[in-house]
Structures are given as C-alpha cells and as structure tokens.
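K.L.:
Contents of structure15.txt (compact mmCIF, C-alpha atoms) are given next:
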# COMPACT_ATOMS: atom_id res chain seq x y z
CA MET A 1 -41.67 11.51 135.36
CA SER A 2 -42.26 13.98 138.19
CA ILE A 3 -44.28 17.14 137.61
CA VAL A 4 -42.33 20.37 138.09
CA VAL A 5 -43.92 23.60 139.34
CA GLU A 6 -42.26 27.01 139.09
CA GLN A 7 -43.26 29.94 141.28
CA LEU A 8 -42.92 33.09 139.20
CA VAL A 9 -42.92 36.19 141.43
CA ILE A 10 -43.84 39.39 139.58
CA ARG A 11 -44.56 42.89 140.83
CA ASP A 12 -47.23 44.10 138.45
CA THR A 13 -46.78 47.73 137.41
CA GLY A 14 -50.31 48.08 136.06
CA GLU A 15 -53.28 49.78 137.71
CA ARG A 16 -54.63 46.35 138.69
CA TRP A 17 -53.18 42.87 138.80
CA GLY A 18 -53.12 41.14 135.41
CA SER A 19 -51.88 44.03 133.23
CA PRO A 20 -50.10 43.68 129.84
CA TYR A 21 -46.82 44.17 131.73
CA LEU A 22 -47.48 41.06 133.83
CA LEU A 23 -48.25 39.00 130.73
CA GLU A 24 -45.10 40.21 129.01
CA GLN A 25 -43.03 38.99 131.98
CA LEU A 26 -44.93 35.71 131.96
CA LYS A 27 -44.37 35.28 128.24
CA ASN A 28 -40.61 35.77 128.65
CA ASP A 29 -40.51 33.05 131.28
CA VAL A 30 -42.79 30.54 129.55
CA PHE A 31 -40.43 29.95 126.61
CA THR A 32 -37.38 29.38 128.82
CA THR A 33 -38.74 27.37 131.75
CA ASN A 34 -38.53 23.59 132.05
CA ALA A 35 -41.47 23.48 134.45
CA ASP A 36 -44.80 21.80 133.69
CA PHE A 37 -46.84 24.38 135.60
CA ILE A 38 -46.35 27.98 136.69
CA ILE A 39 -47.77 29.89 139.64
CA ILE A 40 -47.85 33.66 139.03
CA CYS A 41 -47.87 35.64 142.27
CA SER A 42 -46.72 38.97 143.67
CA LYS A 43 -45.20 37.50 146.86
CA ARG A 44 -43.37 34.26 147.46
CA GLU A 45 -45.60 31.80 149.34
CA GLN A 46 -43.82 28.60 150.30
CA ASN A 47 -46.50 27.07 152.53
CA ILE A 48 -49.15 27.00 149.82
CA LEU A 49 -46.71 25.83 147.16
CA SER A 50 -45.46 22.97 149.38
CA GLN A 51 -49.00 21.67 149.92
CA ILE A 52 -49.79 21.89 146.21
CA GLU A 53 -46.59 20.04 145.33
CA ASP A 54 -47.41 17.34 147.89
CA TYR A 55 -50.85 16.91 146.31
CA ILE A 56 -49.40 16.69 142.80
CA ALA A 57 -46.79 14.13 143.87
CA ARG A 58 -49.47 11.92 145.41
CA PHE A 59 -52.17 12.39 142.78
CA PRO A 60 -50.49 13.34 139.47
CA ASP A 61 -53.46 12.12 137.41
CA THR A 62 -55.59 14.99 138.78
CA MET A 63 -53.37 17.44 136.90
CA VAL A 64 -54.04 15.97 133.45
CA GLY A 65 -56.53 17.55 131.08
CA ALA A 66 -56.99 21.12 132.36
CA ASP A 67 -55.30 24.34 131.26
CA ILE A 68 -55.69 26.08 134.63
CA HIS A 69 -56.00 24.69 138.16
CA LEU A 70 -57.48 26.61 141.11
CA PHE A 71 -56.73 25.37 144.64
CA ASN A 72 -59.17 25.99 147.51
CA GLN A 73 -59.48 24.95 151.15
CA ASN A 74 -60.39 21.35 151.95
CA PRO A 75 -63.85 21.51 153.60
CA VAL A 76 -62.90 18.57 155.85
CA PHE A 77 -59.96 20.59 157.18
CA VAL A 78 -62.10 23.72 157.61
CA GLU A 79 -64.61 21.73 159.68
CA PHE A 80 -61.75 20.32 161.78
CA LEU A 81 -60.47 23.85 162.52
CA ARG A 82 -63.92 25.04 163.58
CA LYS A 83 -64.14 22.31 166.20
CA LEU A 84 -60.86 23.27 167.83
CA PRO A 85 -61.06 25.32 171.06
CA ASN A 86 -58.48 27.64 169.52
CA GLU A 87 -57.93 27.61 165.75
CA ASP A 88 -54.62 29.44 166.13
CA SER A 89 -53.20 26.48 168.02
CA TYR A 90 -52.97 24.46 164.81
CA GLU A 91 -49.73 24.92 162.90
CA MET A 92 -49.89 24.78 159.11
CA THR A 93 -47.93 21.84 157.65
CA SER A 94 -46.03 21.55 154.38
CA THR A 95 -47.76 18.27 153.54
CA LEU A 96 -51.48 17.51 153.44
CA GLN A 97 -52.90 15.67 156.45
CA PHE A 98 -56.61 15.45 155.61
CA LEU A 99 -56.67 13.74 152.23
CA GLU A 100 -57.93 10.19 151.85
CA ASP A 101 -55.98 7.61 149.86
CA THR A 102 -58.64 7.65 147.15
CA ILE A 103 -57.93 9.99 144.25
CA PRO A 104 -59.65 13.38 144.84
CA LYS A 105 -62.05 14.49 142.14
CA PRO A 106 -61.51 18.07 140.95
CA THR A 107 -64.58 19.98 139.79
CA SER A 108 -64.93 22.12 136.70
CA THR A 109 -65.21 25.89 137.08
CA TYR A 110 -64.99 29.00 134.91
CA LEU A 111 -64.27 32.70 135.25
CA GLU A 112 -67.89 33.82 135.77
CA ARG A 113 -68.27 31.36 138.64
CA ASP A 114 -64.94 32.25 140.29
CA PRO A 115 -64.10 35.77 139.04
CA HIS A 116 -61.78 36.36 142.01
CA MET A 117 -59.23 34.30 140.06
CA LEU A 118 -58.31 37.63 138.45
CA LEU A 119 -57.13 39.19 141.72
CA GLU A 120 -53.54 39.53 142.89
CA GLU A 121 -54.13 37.76 146.20
CA VAL A 122 -55.42 34.63 144.45
CA GLY A 123 -52.37 34.22 142.22
CA GLN A 124 -50.66 31.94 144.74
CA TYR A 125 -53.56 29.46 144.47
CA ILE A 126 -53.54 29.04 140.66
CA LEU A 127 -51.45 26.78 138.44
CA TYR A 128 -51.16 27.44 134.71
CA ASN A 129 -50.24 24.63 132.35
CA VAL A 130 -47.02 25.73 130.59
CA ALA A 131 -47.93 23.90 127.36
CA PHE A 132 -51.24 25.79 127.29
CA LEU A 133 -49.47 29.13 127.91
CA LYS A 134 -46.96 28.48 125.12
CA SER A 135 -49.78 27.75 122.70
CA TYR A 136 -51.63 30.85 123.88
CA PHE A 137 -48.68 33.22 123.44
CA GLU A 138 -47.80 31.77 120.03
CA LYS A 139 -51.27 32.72 118.78
CA ALA A 140 -51.71 36.04 120.61
CA GLU A 141 -51.49 38.97 118.20
CA ARG A 142 -52.09 42.00 120.42
CA THR A 143 -51.48 43.35 123.91
CA GLN A 144 -53.06 40.93 126.36
CA GLN A 145 -54.21 40.92 129.97
CA LEU A 146 -54.61 38.04 132.40
CA ILE A 147 -58.35 37.88 131.77
CA ASN A 148 -57.62 36.86 128.15
CA ILE A 149 -55.89 33.70 129.35
CA PHE A 150 -58.93 32.61 131.35
CA HIS A 151 -61.21 33.16 128.39
CA GLN A 152 -58.94 31.09 126.14
CA ALA A 153 -58.68 28.17 128.60
CA ASN A 154 -60.75 25.16 127.59
CA ILE A 155 -60.91 23.60 131.05
CA VAL A 156 -60.37 25.07 134.54
CA TRP A 157 -60.38 22.65 137.45
CA LYS A 158 -60.92 23.43 141.11
CA HIS A 159 -59.17 21.32 143.72
CA ARG A 160 -60.49 21.58 147.31
CA ILE A 161 -57.44 20.19 149.06
CA LEU A 162 -55.55 22.98 150.87
CA GLU A 163 -55.06 23.12 154.62
CA GLU A 164 -54.26 26.79 155.14
CA THR A 165 -54.50 28.34 158.58
CA LYS A 166 -55.83 31.82 159.29
CA LYS A 167 -52.36 32.93 160.36
CA ASN A 168 -51.09 32.15 156.87
CA GLU A 169 -54.09 33.79 155.19
CA GLU A 170 -53.50 36.98 157.17
CA LYS A 171 -50.29 37.61 155.27
CA ILE A 172 -52.57 39.30 152.77
CA LYS A 173 -53.71 42.28 154.80
CA VAL A 174 -56.97 44.09 154.16
CA PRO A 175 -56.70 47.80 155.03
CA ASP A 176 -58.79 48.83 158.04
CA ASN A 177 -60.14 51.70 155.95
CA TYR A 178 -61.43 49.40 153.18
CA LEU A 179 -64.68 51.00 151.97
CA ILE A 180 -67.65 50.25 149.74
CA SER A 181 -66.04 52.55 147.17
CA ASP A 182 -62.94 50.32 147.14
CA MET A 183 -65.12 47.28 146.49
CA VAL A 184 -67.03 49.00 143.70
CA ASP A 185 -63.84 50.36 142.10
CA CYS A 186 -62.34 46.86 142.03
CA TRP A 187 -65.51 45.33 140.56
CA THR A 188 -65.87 48.13 138.00
CA TYR A 189 -62.35 47.64 136.67
CA TYR A 190 -62.74 43.91 136.10
CA ARG A 191 -66.37 44.23 134.99
CA ASN A 192 -65.24 46.59 132.19
CA LEU A 193 -62.67 44.01 131.10
CA GLU A 194 -65.24 41.21 131.24
CA SER A 195 -67.71 43.27 129.18
CA GLY A 196 -65.43 42.85 126.19
CA TYR A 197 -66.23 39.13 126.13
CA THR A 198 -70.01 39.10 126.33
CA ASN A 199 -73.07 40.85 124.94
CA LEU A 200 -75.40 39.38 127.56
CA SER A 201 -77.26 41.74 129.85
CA LEU A 202 -75.87 42.28 133.34
CA GLU A 203 -78.74 40.42 135.00
CA LEU A 204 -77.88 37.18 133.23
CA LEU A 205 -74.27 37.01 134.42
CA ASP A 206 -72.80 35.23 137.41
CA PHE A 207 -69.64 37.33 137.20
CA ASP A 208 -71.03 40.29 139.14
CA LYS A 209 -72.77 38.55 142.03
CA ASN A 210 -69.84 36.17 142.55
CA PHE A 211 -67.29 38.99 142.44
CA PHE A 212 -69.23 41.09 144.95
CA ASN A 213 -69.79 38.09 147.23
CA TYR A 214 -66.07 37.35 147.28
CA LEU A 215 -65.16 40.96 148.14
CA ILE A 216 -67.82 41.10 150.87
CA ARG A 217 -66.76 37.74 152.32
CA THR A 218 -63.03 38.47 152.39
CA LYS A 219 -62.77 42.24 152.82
CA LEU A 220 -65.83 44.39 153.47
CA GLY A 221 -67.58 42.04 155.90
CA PRO A 222 -64.54 41.18 158.06
CA ILE A 223 -63.61 44.87 158.36
CA PHE A 224 -67.14 45.72 159.52
CA GLN A 225 -67.06 42.84 162.01
CA LYS A 226 -63.70 44.04 163.33
CA LYS A 227 -65.03 47.57 163.88
CA LEU A 228 -68.07 46.18 165.68
CA MET A 229 -66.04 43.87 167.92
CA MET A 230 -63.66 46.70 168.82
CA GLU A 231 -66.71 48.88 169.55
CA ASP A 232 -65.59 51.43 167.00
CA LEU A 233 -69.23 52.28 166.46
CA THR A 234 -68.73 55.61 164.72
CA GLU A 235 -66.83 53.86 161.94
CA ALA A 236 -69.33 51.00 161.97
CA VAL A 237 -72.23 53.45 161.51
CA ASP A 238 -70.48 55.06 158.54
CA ALA A 239 -69.88 51.63 157.01
CA LEU A 240 -73.55 50.69 157.45
CA ASP A 241 -74.67 54.01 155.96
CA THR A 242 -72.62 53.56 152.79
CA LEU A 243 -73.66 49.91 152.47
CA THR A 244 -77.32 50.94 152.75
CA VAL A 245 -76.87 53.48 149.96
CA PHE A 246 -75.16 50.78 147.86
CA LEU A 247 -78.13 48.43 148.35
CA GLU A 248 -80.62 51.21 147.58
CA THR A 249 -78.95 52.21 144.33
CA ASN A 250 -78.47 48.70 142.92
CA ASN A 251 -81.21 46.59 141.41
CA LYS A 252 -82.93 43.80 143.31
CA GLN A 253 -81.50 41.18 140.96
CA ILE A 254 -77.95 41.88 142.14
CA VAL A 255 -78.64 42.79 145.78
CA SER A 256 -80.68 39.67 146.43
CA GLU A 257 -77.76 37.52 145.29
CA LEU A 258 -75.31 39.01 147.81
CA VAL A 259 -75.65 36.13 150.25
CA SER A 260 -72.25 36.90 151.83
CA LEU A 261 -73.93 39.79 153.65
CA GLY A 262 -75.84 37.38 155.88
CA TYR A 263 -73.11 36.37 158.30
CA PHE A 264 -71.46 39.78 158.78
CA TYR A 265 -74.54 42.00 158.77
CA ILE A 266 -77.23 39.73 160.27
CA GLN A 267 -75.65 36.99 162.35
CA VAL A 268 -72.81 39.03 163.85
CA PRO A 269 -74.78 42.15 164.91
CA VAL A 270 -77.56 40.06 166.49
CA LYS A 271 -75.09 37.79 168.28
CA GLU A 272 -73.08 40.80 169.49
CA TYR A 273 -76.10 42.91 170.44
CA PRO A 274 -74.67 44.09 173.82
CA LEU A 275 -71.76 45.80 172.02
CA TRP A 276 -74.08 48.31 170.35
CA SER A 277 -77.36 48.13 172.28
CA ASN A 278 -76.76 51.44 174.06
CA ASN A 279 -75.70 53.33 170.94
CA LYS A 280 -78.84 54.95 169.54
CA GLN A 281 -77.18 56.05 166.30
CA PHE A 282 -76.00 52.55 165.49
CA GLY A 283 -79.43 51.12 166.31
CA LYS A 284 -81.18 53.66 164.10
CA THR A 285 -78.74 53.07 161.23
CA TYR A 286 -78.93 49.31 161.57
CA LEU A 287 -82.72 49.32 161.46
CA LYS A 288 -82.65 51.46 158.30
CA PHE A 289 -80.17 49.02 156.76
CA LEU A 290 -82.39 46.05 157.61
CA LYS A 291 -85.43 47.66 155.98
CA ILE A 292 -83.61 48.14 152.68
CA PHE A 293 -81.92 44.75 153.01
CA PHE A 294 -85.17 42.79 153.32
CA ASP A 295 -86.98 44.98 150.79
CA LYS A 296 -84.40 44.02 148.14
CA MET A 297 -84.46 40.32 149.05
CA HIS A 298 -86.08 37.56 146.99
CA TYR A 299 -87.97 34.78 148.75
CA GLN A 300 -85.29 32.19 147.93
CA THR A 301 -82.57 34.41 149.40
CA LYS A 302 -84.52 34.74 152.64
CA GLN A 303 -84.80 30.93 152.75
CA TYR A 304 -81.00 30.75 152.39
CA TYR A 305 -80.52 33.05 155.37
CA LEU A 306 -83.09 31.10 157.39
CA LYS A 307 -81.18 27.90 156.65
CA PHE A 308 -77.84 29.20 157.91
CA TYR A 309 -78.79 32.01 160.33
CA ARG A 310 -82.39 31.17 161.28
CA ARG A 311 -82.62 32.81 164.69
CA ALA A 312 -80.77 35.98 163.76
CA THR A 313 -82.70 36.33 160.48
CA ASN A 314 -86.07 35.90 162.19
CA ALA A 315 -85.16 38.49 164.80
CA ALA A 316 -83.97 41.00 162.18
CA TYR A 317 -87.06 40.44 160.03
CA LYS A 318 -89.39 40.96 163.00
CA SER A 319 -87.51 44.14 163.91
CA VAL A 320 -88.26 45.54 160.46
CA GLY A 321 -91.94 44.65 160.75
CA LEU A 322 -92.27 46.24 164.18
CA ASN A 323 -89.87 49.12 163.42
CA SER A 324 -88.20 48.26 166.71
CA LEU A 325 -84.99 46.56 167.85
CA SER A 326 -86.78 44.73 170.69
CA PRO A 327 -87.01 41.40 168.75
CA ILE A 328 -83.21 41.45 168.40
CA ALA A 329 -82.78 42.15 172.10
CA LYS A 330 -85.18 39.32 172.98
CA ASN A 331 -83.49 36.95 170.53
CA TYR A 332 -80.08 37.67 172.07
CA LYS A 333 -81.31 36.93 175.59
CA LEU A 334 -82.92 33.66 174.52
CA TYR A 335 -80.26 32.21 172.26
CA PHE A 336 -76.94 34.00 172.68
Once more with this new file: its structure as structure tokens, please.
P.N.:
Amino acid sequence: MSIVVEQLVIRDTGERWGSPYLLEQLKNDVFTTNADFIIICSKREQNILSQIEDYIARFPDTMVGADIHLFNQNPVFVEFLRKLPNEDSYEMTSTLQFLEDTIPKPTSTYLERDPHMLLEEVGQYILYNVAFLKSYFEKAERTQQLINIFHQANIVWKHRILEETKKNEEKIKVPDNYLISDMVDCWTYYRNLESGYTNLSLELLDFDKNFFNYLIRTKLGPIFQKKLMMEDLTEAVDALDTLTVFLETNNKQIVSELVSLGYFYIQVPVKEYPLWSNNKQFGKTYLKFLKIFFDKMHYQTKQYYLKFYRRATNAAYKSVGLNSLSPIAKNYKLYF
C-alpha cells in the first residue's frame, strides 16, 4: 500500500508559530484525513513535497518506526552545487537525483539538538505520523502548543536527502533589517516554552547553543555578509557593535559554542578585506569585536575555527595580539 502525505497549510494567528490555534486546526484535520503523514506549513511548497514523496515511494521502510521525520539537505548534493561555476544554473527537480540505490539510513535526533524544528520556516521539512498525532490528541487534556508534540514523540528521525536549490530556499525571505534583538526575542520565546520541560541549568542544555547557531547561520550572518558585500558599512558597523555587546553580556559557556559566527564574522571579513580596509570606523569596530570574540572562546572552539578557516582565524587572532589590522591585510595579500 502506498504512503499518503497531506500538506496542511495553516496561517497561525499566535504570536509565534506553533500556538494553541495551530494545534486546534491540526487536531480538526487529523481525525478526518486519510493520509499517513501530515506536513504543517504556512505556505504551500510543492518542490519540497515532491522530493519527499519521491523518497518515500522509493524507500518506504525508512518511514517506519518514528513519530516525526525531519528532512535536510543531502550533503552529496550540497557538495555538487559548490563545485558548479554557477550554483544558480542548476534547476531544482521534483525527483531526487543524488540518492544511491541502497536504502538511506536516517539518524535519530531530538528537539534540543534541532530546536529550529519549532520555527515556521521549517514546517515544510517535517512530517508528522498521523497515527501518533491521533494518539496524542486523544490523551491531551489542556491547551497545547507545537512544542508539546515534540516532547511527546518517542522517536524523531532526520533524513539527509533533499536537493533544494538556493533559489527555492530564498522564498523564505529574511528582512534586511534583521537585528540581534530579533534573534534574542525569537530565542527567548521558545526558551521560555522549553523551560517548562526541564529543571536542568542553562549551561547543560544543547537547546540554546543550537537555536542561536541556527539563527546566526540562516539570518543574522547572511544579513551581515550582505551589508558588507554591498559596502553598506554604516549598517555593518552597527551590526558588529550590537553583536559585540551580545557577546560581552553572555557567558563564555554559550558564546564559545556559537561556531556559526566563524564563517560570517571571521572568514568573510578577512577574505573581503578591500571592501572595508579604508573605513576606519569599521576597522576599529571589527578589532573590538575580535578581542571580545577570542576572549570568550574556549580552546576547542578555536581548534574548530582553525580546522575550517585556518588562515582567516590565524590572521584575526594575530590582529588581536598586536592590536592592529596589519595581519589581516597581509593575510589577504598572501592568500586571497
């Protein structure tokens, strides 16, 4: 028997995605649908759904045993895109082209490891087992939110199989004025919800570092890079200033885990040194940022940066030690 997937499009009326209103709409649908799985999303996304359905048709056994399924990019496809002279030249297909004939092995995950599963934009990448949802709603006694479903799920599997192009990803726009305060507000809302499920101290949780890393990687960092590449240095200076304050005011345990900062705030500025080299205010602000950045960094985190961004990290670290941007300038001339 074929597996049926229903795409349930809901406009959530709550303050954030996953409100009691959303769950009420989901509950109404669950007891009338004939589907095996449901995707809950705010916008219809046919490209993603088509690839997921192709995967399920070819490998139905991978959908057995888990209550929730999260779909991510296939690393083989990502590597293929990076090698293309122009990534935009590749057109996204409705069927998967980079899967082997052998059955893919999904990996287990959980909310603290992938807390971005709570966000509106990720809804299109998540399948919920209808049988699990029916059982959940039959037992639920009070007003619920989406986070409750994740905490009741026994198994969540992650499937790295998608072949989504950047053009398709860009349908979810990040505002050009996205700020640190927006990131913190988003984290605070979901952190307060998560706090109802644990008594562990903040330092022991993966939820916070993984949530921040996702928001930096997909929103804050790309916006900063865009400002830098467009030479909107006044805005870039303001962004660096507020990020520096954020790093100063948070404890070393959290800051040192924000490895997503490395590419956007170390690799990119060093590689694009000519864009800001003549702007004294940017240089001064960037040096101040680097001092706080390395001061809050654990040894293992520095090793991570050296592994992925060795030349840029060494140049930035030397600049802090010398209180001068000359190592960055020299590094650019030698390697970029």
K.L.:
I'd like the interatomic distance between atom CA of Met230 of chain A and atom CA of Gln281 of chain A, to a tenth of an Å.
P.N.:
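One can read the atom CA of Met230 of chain A to atom CA of Gln281 of chain A distance as 16.6 Å.
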K.L.:
Using all atoms listed in the file, which of A:Ile266, A:Val5, A:Ala316, A:Ala236 sits nearest Ala57 of chain A?
P.N.:
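Ranking A:Ile266, A:Val5, A:Ala316, A:Ala236 by distance to Ala57 of chain A, first place goes to A:Val5.
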K.L.:
Can you tell me, as a PyMOL selection string, which residues sit within 6 Å of (-77.8, 34.3, 158.1) in the file's frame, using only C-alpha atoms?
P.N.:
chain A and resi 262-263+266-267+305+308-309+313
K.L.:
Show me, as a compact mmCIF listing (two decimals) with C-alpha atoms, in the coordinates of the input, the residues that have an atom within 12 Å of Glu79 of chain A when counting all atoms listed in the file, minus same-chain residues fewer than 6 positions from it.
P.N.:
# COMPACT_ATOMS: atom_id res chain seq x y z
CA GLN A 73 -59.48 24.95 151.15
CA GLU A 87 -57.93 27.61 165.75
CA PHE A 98 -56.61 15.45 155.61
CA GLU A 163 -55.06 23.12 154.62
K.L.:
Restricting the calculation to only C-alpha atoms, which member of A:Asp88, A:Asn154, A:Gln97, A:Glu141 is positioned closest to Tyr110 of chain A?
P.N.:
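The closest residue to Tyr110 of chain A is A:Asn154.
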K.L.:
Applying 9 Å and only C-alpha atoms, which residues near Gln124 of chain A remain after dropping the ones on its own chain fewer than 3 positions away? List them as number ranges by chain.
P.N.:
A: 7, 39-45, 48-49, 71, 120-121, 127
K.L.:
Output C-alpha atoms of each residue in that selection to a file, as a CSV table (one decimal), in the coordinates of the input.
P.N.:
chain,number,residue,atom,x,y,z
A,7,GLN,CA,-43.3,29.9,141.3
A,39,ILE,CA,-47.8,29.9,139.6
A,40,ILE,CA,-47.8,33.7,139.0
A,41,CYS,CA,-47.9,35.6,142.3
A,42,SER,CA,-46.7,39.0,143.7
A,43,LYS,CA,-45.2,37.5,146.9
A,44,ARG,CA,-43.4,34.3,147.5
A,45,GLU,CA,-45.6,31.8,149.3
A,48,ILE,CA,-49.2,27.0,149.8
A,49,LEU,CA,-46.7,25.8,147.2
A,71,PHE,CA,-56.7,25.4,144.6
A,120,GLU,CA,-53.5,39.5,142.9
A,121,GLU,CA,-54.1,37.8,146.2
A,127,LEU,CA,-51.4,26.8,138.4
K.L.:
At what distance in Å, to one decimal, does atom CA of Trp187 of chain A lie from atom CA of Phe289 of chain A?
P.N.:
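So the answer is 22.2 Å.
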K.L.:
I need every residue sitting at most 12 Å from the point (-57.8, 38.6, 126.1) (coordinates as in the file, only C-alpha atoms considered), written as a count of residues only.
P.N.:
26
K.L.:
Find, counting all atoms listed in the file, the residue in A:Asn331, A:Val78, A:Met183, A:Met297 that gets nearest to Val259 of chain A.
P.N.:
A:Met297
K.L.:
With only C-alpha atoms as the atoms that count, which of A:Ser89, A:Leu119, A:Phe293, A:Ala131 lies nearest to Asn251 of chain A?
P.N.:
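Among A:Ser89, A:Leu119, A:Phe293, A:Ala131, it is A:Phe293 that comes nearest to Asn251 of chain A.
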K.L.:
Give me the residues near Ile292 of chain A as an MDAnalysis selection string, where near means some atom within 12 Å (using only C-alpha atoms) and where sequence neighbours in that chain fewer than 5 positions away do not count.
P.N.:
chainID A and resid 240:241 243:252 255:256 285:287 297 316:317 320
K.L.:
Mind dumping segment 182-213 of chain A from that block, keeping N, CA and C atoms, as a PDB file, in the first residue's frame?
P.N.:
ATOM      1  N   ASP A 182      16.080  40.802  17.282  1.00  0.00           N
ATOM      2  CA  ASP A 182      15.128  39.869  16.687  1.00  0.00           C
ATOM      3  C   ASP A 182      15.526  38.428  17.008  1.00  0.00           C
ATOM      4  N   MET A 183      16.819  38.154  16.929  1.00  0.00           N
ATOM      5  CA  MET A 183      17.321  36.824  17.238  1.00  0.00           C
ATOM      6  C   MET A 183      17.062  36.472  18.706  1.00  0.00           C
ATOM      7  N   VAL A 184      17.364  37.404  19.582  1.00  0.00           N
ATOM      8  CA  VAL A 184      17.188  37.159  21.014  1.00  0.00           C
ATOM      9  C   VAL A 184      15.707  37.016  21.373  1.00  0.00           C
ATOM     10  N   ASP A 185      14.862  37.841  20.760  1.00  0.00           N
ATOM     11  CA  ASP A 185      13.413  37.740  21.015  1.00  0.00           C
ATOM     12  C   ASP A 185      12.882  36.365  20.619  1.00  0.00           C
ATOM     13  N   CYS A 186      13.325  35.878  19.460  1.00  0.00           N
ATOM     14  CA  CYS A 186      12.883  34.566  18.981  1.00  0.00           C
ATOM     15  C   CYS A 186      13.350  33.479  19.937  1.00  0.00           C
ATOM     16  N   TRP A 187      14.626  33.522  20.311  1.00  0.00           N
ATOM     17  CA  TRP A 187      15.174  32.522  21.241  1.00  0.00           C
ATOM     18  C   TRP A 187      14.458  32.584  22.586  1.00  0.00           C
ATOM     19  N   THR A 188      14.229  33.791  23.096  1.00  0.00           N
ATOM     20  CA  THR A 188      13.604  33.952  24.409  1.00  0.00           C
ATOM     21  C   THR A 188      12.217  33.322  24.450  1.00  0.00           C
ATOM     22  N   TYR A 189      11.453  33.532  23.386  1.00  0.00           N
ATOM     23  CA  TYR A 189      10.094  32.977  23.343  1.00  0.00           C
ATOM     24  C   TYR A 189      10.115  31.461  23.450  1.00  0.00           C
ATOM     25  N   TYR A 190      10.943  30.821  22.626  1.00  0.00           N
ATOM     26  CA  TYR A 190      10.968  29.359  22.623  1.00  0.00           C
ATOM     27  C   TYR A 190      11.740  28.802  23.818  1.00  0.00           C
ATOM     28  N   ARG A 191      12.713  29.563  24.327  1.00  0.00           N
ATOM     29  CA  ARG A 191      13.418  29.128  25.538  1.00  0.00           C
ATOM     30  C   ARG A 191      12.455  29.082  26.722  1.00  0.00           C
ATOM     31  N   ASN A 192      11.558  30.067  26.832  1.00  0.00           N
ATOM     32  CA  ASN A 192      10.572  30.081  27.919  1.00  0.00           C
ATOM     33  C   ASN A 192       9.629  28.883  27.820  1.00  0.00           C
ATOM     34  N   LEU A 193       9.261  28.510  26.589  1.00  0.00           N
ATOM     35  CA  LEU A 193       8.436  27.315  26.420  1.00  0.00           C
ATOM     36  C   LEU A 193       9.210  26.064  26.824  1.00  0.00           C
ATOM     37  N   GLU A 194      10.452  25.984  26.383  1.00  0.00           N
ATOM     38  CA  GLU A 194      11.286  24.812  26.672  1.00  0.00           C
ATOM     39  C   GLU A 194      11.551  24.674  28.170  1.00  0.00           C
ATOM     40  N   SER A 195      11.624  25.798  28.875  1.00  0.00           N
ATOM     41  CA  SER A 195      11.906  25.760  30.316  1.00  0.00           C
ATOM     42  C   SER A 195      10.845  25.009  31.097  1.00  0.00           C
ATOM     43  N   GLY A 196       9.668  24.883  30.534  1.00  0.00           N
ATOM     44  CA  GLY A 196       8.612  24.135  31.207  1.00  0.00           C
ATOM     45  C   GLY A 196       8.832  22.637  31.184  1.00  0.00           C
ATOM     46  N   TYR A 197       9.857  22.182  30.455  1.00  0.00           N
ATOM     47  CA  TYR A 197      10.085  20.737  30.318  1.00  0.00           C
ATOM     48  C   TYR A 197      11.375  20.266  30.969  1.00  0.00           C
ATOM     49  N   THR A 198      12.124  21.172  31.580  1.00  0.00           N
ATOM     50  CA  THR A 198      13.379  20.748  32.196  1.00  0.00           C
ATOM     51  C   THR A 198      13.713  21.599  33.407  1.00  0.00           C
ATOM     52  N   ASN A 199      14.392  20.986  34.355  1.00  0.00           N
ATOM     53  CA  ASN A 199      14.886  21.700  35.529  1.00  0.00           C
ATOM     54  C   ASN A 199      16.404  21.832  35.493  1.00  0.00           C
ATOM     55  N   LEU A 200      17.017  21.391  34.386  1.00  0.00           N
ATOM     56  CA  LEU A 200      18.461  21.468  34.255  1.00  0.00           C
ATOM     57  C   LEU A 200      18.902  22.914  34.085  1.00  0.00           C
ATOM     58  N   SER A 201      20.112  23.204  34.536  1.00  0.00           N
ATOM     59  CA  SER A 201      20.632  24.563  34.381  1.00  0.00           C
ATOM     60  C   SER A 201      20.903  24.848  32.917  1.00  0.00           C
ATOM     61  N   LEU A 202      20.902  26.122  32.559  1.00  0.00           N
ATOM     62  CA  LEU A 202      21.053  26.555  31.178  1.00  0.00           C
ATOM     63  C   LEU A 202      22.323  26.010  30.547  1.00  0.00           C
ATOM     64  N   GLU A 203      23.410  25.944  31.322  1.00  0.00           N
ATOM     65  CA  GLU A 203      24.695  25.548  30.776  1.00  0.00           C
ATOM     66  C   GLU A 203      24.721  24.102  30.312  1.00  0.00           C
ATOM     67  N   LEU A 204      23.803  23.298  30.804  1.00  0.00           N
ATOM     68  CA  LEU A 204      23.815  21.881  30.472  1.00  0.00           C
ATOM     69  C   LEU A 204      22.975  21.553  29.245  1.00  0.00           C
ATOM     70  N   LEU A 205      22.329  22.538  28.666  1.00  0.00           N
ATOM     71  CA  LEU A 205      21.395  22.274  27.576  1.00  0.00           C
ATOM     72  C   LEU A 205      21.991  22.576  26.206  1.00  0.00           C
ATOM     73  N   ASP A 206      21.630  21.720  25.241  1.00  0.00           N
ATOM     74  CA  ASP A 206      22.013  21.958  23.856  1.00  0.00           C
ATOM     75  C   ASP A 206      21.040  22.917  23.178  1.00  0.00           C
ATOM     76  N   PHE A 207      19.842  23.035  23.721  1.00  0.00           N
ATOM     77  CA  PHE A 207      18.780  23.805  23.088  1.00  0.00           C
ATOM     78  C   PHE A 207      19.243  25.209  22.717  1.00  0.00           C
ATOM     79  N   ASP A 208      19.898  25.884  23.634  1.00  0.00           N
ATOM     80  CA  ASP A 208      20.245  27.294  23.447  1.00  0.00           C
ATOM     81  C   ASP A 208      21.328  27.505  22.395  1.00  0.00           C
ATOM     82  N   LYS A 209      22.418  26.750  22.511  1.00  0.00           N
ATOM     83  CA  LYS A 209      23.514  26.932  21.547  1.00  0.00           C
ATOM     84  C   LYS A 209      23.058  26.539  20.138  1.00  0.00           C
ATOM     85  N   ASN A 210      22.276  25.480  20.025  1.00  0.00           N
ATOM     86  CA  ASN A 210      21.830  25.042  18.703  1.00  0.00           C
ATOM     87  C   ASN A 210      20.817  26.009  18.097  1.00  0.00           C
ATOM     88  N   PHE A 211      19.970  26.596  18.941  1.00  0.00           N
ATOM     89  CA  PHE A 211      18.998  27.573  18.449  1.00  0.00           C
ATOM     90  C   PHE A 211      19.721  28.822  17.948  1.00  0.00           C
ATOM     91  N   PHE A 212      20.644  29.332  18.760  1.00  0.00           N
ATOM     92  CA  PHE A 212      21.404  30.518  18.353  1.00  0.00           C
ATOM     93  C   PHE A 212      22.210  30.251  17.087  1.00  0.00           C
ATOM     94  N   ASN A 213      22.854  29.098  17.011  1.00  0.00           N
ATOM     95  CA  ASN A 213      23.654  28.779  15.829  1.00  0.00           C
ATOM     96  C   ASN A 213      22.804  28.732  14.572  1.00  0.00           C
TER      97      ASN A 213
END
